[in-house]
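Scroll down for the structure; my scribbles are underneath it.
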Amino acid sequence: MRHTITVLVENEFGVLSRVVGLFSGRGFNIDSLSVAPTHEESISRMTIVTRGDDQILEQITKHLNKLIDVIKVIDFTDESAIERELALIKVTAEDADRAEVLRIVDIFRANVIDVTPRSYTIEATGSPSKIDAILELLRPLGLKELVRTGPVAIGRGAKGWKG
Amino acid sequence: MKLAGARILLECLKLEGVDTVFGYPGGTVINIYDELYSFPDIRHILPRHEQAGVHAADGYARASGKVGVAIATSGPGATNTVTGIATAYMDSIPLVVITGQVPTALIGNDAFQEVDIIGITRPCTKHNFLVKNVKDLAGIVKKAFYIARTGRPGPVLIDLPKDVQVAVTEFKYPDKVDLRGYKPTVEGHPRQIEKAASMILAARKPVIYVGGGVVIANASDELREMADTLQAPVTTTLMGLGSFPEDSPNSLGLLGMHGTYYANMAVTECDLLVAVGARFDDRVTGKIPAFAPHAKIIHMDVDPTSIRKNVRVDLPIVGDVKDILARLGKVLEGNRDGVKSFHKNIKPWRTQIDDWKAKHPMGYKESSQAIKPQAVIRKLREISEPDAIIATDVGQHQMWTAQFFGFTRPRTLLSSGGLGTMGYGLPAAMGAQAAFPERQVIAVCGDGGFQMNLQELATLVQNRLPVKICVMNNNYLGMVRQWQELFFERRYSQTVMELPIDFVKLAEAFGAAGFTASKPEEVEETIRRGFATPGPVIMEFKIAREEKVLPMVPAGASLNEMVLAS
């Protein structure tokens with residue numbers, strides 16, 4: 001089962017490799033990982049998408065909590081979180097296809113951020129499934145390059161992670 | 001007062017109460033060694049190899065319960081510590097290992113004797129630190145000791161670049177540590193403890209399964225009290241030996257791959273397994289689906305990741321097992337009637353266990369021709385002092401020691417249980433002897449493991465550490481040979497140690513004494529002479545070459561599928 005895990009860590013060198021080493025050393029998978037500092041300078045926030053059964057997920061969260069530099073671990077499994085991902089997509093766009101690409105961009109409320117006579121580069125934001133959907137439609141037109149950030153997640157409601 | 005980093009490090013060690021350091025000088029720690037002259041209260045012991053230095057710090061820590069400290073230089077000095085660190089990590093031993101590092105400006109430049117020891121030790125330390133600024137040094141040392149000894153203890157490495165040792169700053173040792181990401185759970189949850197008490201009192205066939213956590217937590221007294229209250233059987237892992245007296249009628253001895261028949265049968269048949277500071281290692285469980293198949297499992301451990309890692313658990317209790325056992329004991333004592341009917345209910349179970357004990361007691365075939373290693377171990381127990389500390393290497397002699405010595409006190413067996421590090425025994429004994437100069441310290445080694453760190457004989461002699469070394473010599477790498485005999489049609493590929501070593505001359509070359517026994521009737525006299533001779537001594541026992549460690553549960557088999565001693 002797919003899980004999105006948020007990990008708040010000390011903003012220090014070497015922390016990322018501790019987290020990644022934990023996954024690789026124990027044979028856990030990472031589907032995606034994104035990391036950047038938060039509004040508190042000393043804290044960075046990671047969003048990790050992983051999969052595994054309940055026992056594996058329990059071990060993953062316990063091991064993350066065991067790392068000295070990890071301040072908090074939140075396992076978002078259900079509808080309790082909002083996930084957003086950014087994708088930059090370079091797509092072939094010639095002749096009649098150019099209009100079709102723009103229609104798709106419009107439908108998905110994406111943006112064209114670079115144009116050449118033969119291509120568009122698109123910026124799309126949304127849940128991972130929305131990104132999957134726009135890619136599905138663009139794929140037949142010719143995808144030249146794709147970069148996805150992996151999702152970031154935040155809990156719903158008024159409360160911050162500190163409660 | 002403004003001090004240089006090297007000086008600050010030693011001031012911190014002094015304030016942490018460090019009295020002994022095992023270290024090896026080199027280019028990037030030379031400043032620390034120069035400052036050492038100002039610290040007469042810190043005894044520095046120079047091993048002949050950094051690996052042995054870390055094992056010695058580990059032996060010091062296991063025997064004393066204090067944090068062991070080792071120092072090594074950058075590059076090869078640092079990489080030589082890795083086996084020692086990994087050994088301590090697997091057995092949750094508190095260490096602070098300090099390595100020199102090339103100056104910060106050169107880090108990453110492939111400088112002379114540079115290695116990324118932080119990267120290398122990340123998976124085998126509890127935590128590690130690279131000190132980039134001398135202002136952070138005192139705080140880091142404070143944190144390192146705190147992390148090493150609290151929660152589930154473990155080794156912490158501090159990598160200290162040379163320029164940081166030279167740089168000067170105001171020295172102030174912090175009073176306390178605040179790590180927002182590290183708050184180990186000490187107290188067990190009261191409701192879980194209540195539940196545990198009712199599960200125990202409802203059991204008909206209980207077994208208490210004790211691991212190294214009880215030794216580490218200094219919880220032997222609490223364990224004994226609880227077992228006395230309950231009169232329930234107790235089995236220990238290799239790491240748990242000594243935490244429960246094996247001369248107690250409630251003791252089942254060792255369980256697992258080379259455990260007793262009755263311990264393994266009891267675990268297989270029990271209806272409640274109370275695991276205390278144990279982690280269900282594969283050498284203990286054998287085939288998981290057949291491990292304690294009828295039992296509910298209560299698991300007490302300070303480390304949440306140990307719980308439900310290998311087996312399902314019905315009732316987890318996270319916390320310091322000393323705290324948990326003390327409070328569980330109180331709950332049980334408060335329920336006199338419950339305990340009384342428990343005693344009645346487990347009577348048939350106790351009878352069953354007594355039958356198993358009578359049917360297959362621990363034993364071996366005696367011989368008048370060849371020295372039986374088990375006989376040597378029993379003789380050692382008989383002649384040694386009651387508080388003697390035994391350090392072992394890894395292999396057959398280690399298992400014979402675990403099976404036949406009969407440990408009754410905690411922190412008297414030092415053995416590499418998790419990593420299984422050959423070469424551990426001699427330096428670990430050295431560290432224990434440094435911690436307890438007046439106690440008898442015995443290293444039990446095989447001829448293979450002994451040769452992995454025999455250079456430490458020099459350290460023993462130089463520092464007047466009178467470790468008594470028993471070499472169980474079968475001219476084989478015996479445990480591998482045993483597997484080859486049983487599972488590889490006696491094809492003894494590369495396990496024959498062809499060259500006969502003269503251990504007496506070897507001891508004498510280092511300025512120690514050596515004795516040899518090659519017949520059974522020489523065993524006792526050799527031990528007595530060894531113990532009576534001042535200073536370090538090698539006692540070589542030429543043992544029956546193809547003696548096996550039995551019982552044995554083949555790897556991957558279930559615990560009740562034992563190969564028994566005939």
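As shown in the structure tokens, the chain order sets the letters A, B, ...; within each chain, residues go from 1, and ligands are also counted from 1 in the order they appear.
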
Those in segment 222-446 of chain B with helix (DSSP H, G or I) from DSSP, as a ChimeraX atom specification
/B:222-230,261-269,282-285,288-290,304-306,321-333,336-345,347-359,373-383,396-404,425-435

Considering only C-alpha atoms, extract the chain A residues located within 12 Å of chain B and return them as a PyMOL selection string.
chain A and resi 7-26+42-43+54-73

Would you pick out the contacts of segment 486-496 of chain B at 6 Å or less, using only C-alpha atoms, so that residues sharing its chain but fewer than 2 positions from it are not included, and give the list as an MDAnalysis selection string?
chainID B and resid 476:477 481 483:484 498

Using the selection just defined, write its residues with C-alpha atoms as an mmCIF file, in the first residue's frame.
data_model
loop_
_atom_site.group_PDB
_atom_site.id
_atom_site.type_symbol
_atom_site.label_atom_id
_atom_site.label_comp_id
_atom_site.auth_asym_id
_atom_site.auth_seq_id
_atom_site.Cartn_x
_atom_site.Cartn_y
_atom_site.Cartn_z
ATOM 1 C CA TYR B 476 40.412 -25.996 13.232
ATOM 2 C CA LEU B 477 38.054 -23.138 12.665
ATOM 3 C CA ARG B 481 34.218 -27.239 10.489
ATOM 4 C CA TRP B 483 28.843 -27.103 9.777
ATOM 5 C CA GLN B 484 31.016 -28.682 7.099
ATOM 6 C CA GLU B 498 47.687 -26.549 9.587
#

Counting only C-alpha atoms, what is within 8 Å of Glu540 of chain B, bar same-chain residues fewer than 5 positions away, as a list in words?
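Skipping anything fewer than 5 positions along the chain leaves Cys470, Val471, Met472, Asn473, Phe503, Gly514, Phe515, Thr516 and Ala517 of chain B.
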
Would you give me, as a VMD selection string, the residues in chain A that DSSP reads as strand (DSSP E or B)?
chain A and resid 2 to 10 32 to 37 43 to 51 70 to 76 81 to 92 111 to 116 119 to 126 143 to 148 152 to 155

Can you tell me, as a PyMOL selection string, what residues are no more than 7 Å from segment 316-318 of chain B when counting only C-alpha atoms, ignoring any on the same chain fewer than 3 positions away?
chain B and resi 185+188-189+192+298-304+307+313

Restrict the selected residues to N, CA, C and O atoms and save them as a PDB file, in the first residue's frame.
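The resulting file, selection.pdb, is reproduced below:
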ATOM      1  N   THR B 185      11.783   6.547  25.618  1.00  0.00           N
ATOM      2  CA  THR B 185      10.752   6.208  26.593  1.00  0.00           C
ATOM      3  C   THR B 185      11.385   5.395  27.716  1.00  0.00           C
ATOM      4  O   THR B 185      12.030   4.386  27.461  1.00  0.00           O
ATOM      5  N   GLY B 188       7.404   2.322  31.411  1.00  0.00           N
ATOM      6  CA  GLY B 188       6.435   1.506  30.697  1.00  0.00           C
ATOM      7  C   GLY B 188       5.033   2.010  30.974  1.00  0.00           C
ATOM      8  O   GLY B 188       4.747   2.550  32.042  1.00  0.00           O
ATOM      9  N   HIS B 189       4.148   1.837  30.006  1.00  0.00           N
ATOM     10  CA  HIS B 189       2.781   2.311  30.140  1.00  0.00           C
ATOM     11  C   HIS B 189       2.056   1.534  31.245  1.00  0.00           C
ATOM     12  O   HIS B 189       2.000   0.309  31.190  1.00  0.00           O
ATOM     13  N   GLN B 192      -0.501  -1.050  30.177  1.00  0.00           N
ATOM     14  CA  GLN B 192       0.118  -2.217  29.536  1.00  0.00           C
ATOM     15  C   GLN B 192       0.701  -3.155  30.598  1.00  0.00           C
ATOM     16  O   GLN B 192       0.639  -4.378  30.468  1.00  0.00           O
ATOM     17  N   ILE B 298       4.326 -11.328  25.127  1.00  0.00           N
ATOM     18  CA  ILE B 298       4.502 -10.001  25.721  1.00  0.00           C
ATOM     19  C   ILE B 298       5.939  -9.593  25.422  1.00  0.00           C
ATOM     20  O   ILE B 298       6.853 -10.372  25.652  1.00  0.00           O
ATOM     21  N   HIS B 299       6.132  -8.411  24.902  1.00  0.00           N
ATOM     22  CA  HIS B 299       7.497  -7.986  24.553  1.00  0.00           C
ATOM     23  C   HIS B 299       7.811  -6.650  25.220  1.00  0.00           C
ATOM     24  O   HIS B 299       7.195  -5.634  24.910  1.00  0.00           O
ATOM     25  N   MET B 300       8.766  -6.672  26.158  1.00  0.00           N
ATOM     26  CA  MET B 300       9.216  -5.437  26.816  1.00  0.00           C
ATOM     27  C   MET B 300      10.561  -5.059  26.230  1.00  0.00           C
ATOM     28  O   MET B 300      11.493  -5.862  26.239  1.00  0.00           O
ATOM     29  N   ASP B 301      10.667  -3.839  25.724  1.00  0.00           N
ATOM     30  CA  ASP B 301      11.942  -3.414  25.136  1.00  0.00           C
ATOM     31  C   ASP B 301      11.990  -1.896  25.112  1.00  0.00           C
ATOM     32  O   ASP B 301      10.973  -1.231  24.924  1.00  0.00           O
ATOM     33  N   VAL B 302      13.172  -1.361  25.281  1.00  0.00           N
ATOM     34  CA  VAL B 302      13.325   0.095  25.261  1.00  0.00           C
ATOM     35  C   VAL B 302      13.293   0.621  23.825  1.00  0.00           C
ATOM     36  O   VAL B 302      13.030   1.796  23.586  1.00  0.00           O
ATOM     37  N   ASP B 303      13.538  -0.278  22.866  1.00  0.00           N
ATOM     38  CA  ASP B 303      13.615   0.147  21.474  1.00  0.00           C
ATOM     39  C   ASP B 303      12.359  -0.282  20.724  1.00  0.00           C
ATOM     40  O   ASP B 303      12.163  -1.470  20.468  1.00  0.00           O
ATOM     41  N   PRO B 304      11.507   0.678  20.347  1.00  0.00           N
ATOM     42  CA  PRO B 304      10.258   0.300  19.663  1.00  0.00           C
ATOM     43  C   PRO B 304      10.502  -0.470  18.362  1.00  0.00           C
ATOM     44  O   PRO B 304       9.660  -1.272  17.964  1.00  0.00           O
ATOM     45  N   ILE B 307      10.260  -4.244  18.455  1.00  0.00           N
ATOM     46  CA  ILE B 307       8.949  -4.873  18.645  1.00  0.00           C
ATOM     47  C   ILE B 307       8.263  -5.072  17.302  1.00  0.00           C
ATOM     48  O   ILE B 307       8.202  -4.158  16.488  1.00  0.00           O
ATOM     49  N   VAL B 313       3.487  -9.720  18.097  1.00  0.00           N
ATOM     50  CA  VAL B 313       3.506  -9.497  19.540  1.00  0.00           C
ATOM     51  C   VAL B 313       2.088  -9.161  19.988  1.00  0.00           C
ATOM     52  O   VAL B 313       1.399  -8.367  19.354  1.00  0.00           O
TER      53      VAL B 313
END

Using atom CA of Pro25 of chain B and atom CA of Ile42 of chain B as the two end points, give the distance in Å to one decimal.
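Separating atom CA of Pro25 of chain B from atom CA of Ile42 of chain B is a distance of 15.4 Å.
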
If I take atom CA of Asp355 of chain B and atom CA of Asp247 of chain B, how far is one from the other in Å, to one decimal?
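Value for the atom CA of Asp355 of chain B-atom CA of Asp247 of chain B distance: 17.5 Å.
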
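Of the listed residues A:Arg2, A:Arg103, A:Arg51, A:His39, the one whose atoms come nearest to Leu137 of chain A is A:Arg103, with distances taken using only C-alpha atoms.
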
Find the residues near Leu230 of chain B: any atom within 8 Å, counting only C-alpha atoms, skip ones fewer than 5 places away on the same chain, and give them as an NGL selection string.
:B and (339 or 342-343)

Resulting file, chosen residues, N, CA and C atoms, as a compact mmCIF listing (two decimals), in the first residue's frame:
# COMPACT_ATOMS: atom_id res chain seq x y z
N VAL B 339 -1.47 -14.79 42.35
CA VAL B 339 -0.19 -15.49 42.27
C VAL B 339 -0.31 -16.91 42.82
N PHE B 342 -1.97 -19.01 40.36
CA PHE B 342 -1.00 -19.18 39.26
C PHE B 342 -0.03 -20.32 39.59
N HIS B 343 0.49 -20.30 40.84
CA HIS B 343 1.41 -21.37 41.24
C HIS B 343 0.78 -22.74 41.06

How many Å lie between atom CA of Val467 of chain B and atom CA of Ala61 of chain B, rounded to one decimal?
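Result for atom CA of Val467 of chain B versus atom CA of Ala61 of chain B: 16.7 Å, one decimal.
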
For Gly160 of chain A, which residue out of A:Thr4, A:Ala81, A:Leu141, A:Ser44 is the nearest one, using only C-alpha atoms?
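The shortest atom-to-atom distance to Gly160 of chain A comes from A:Ala81.
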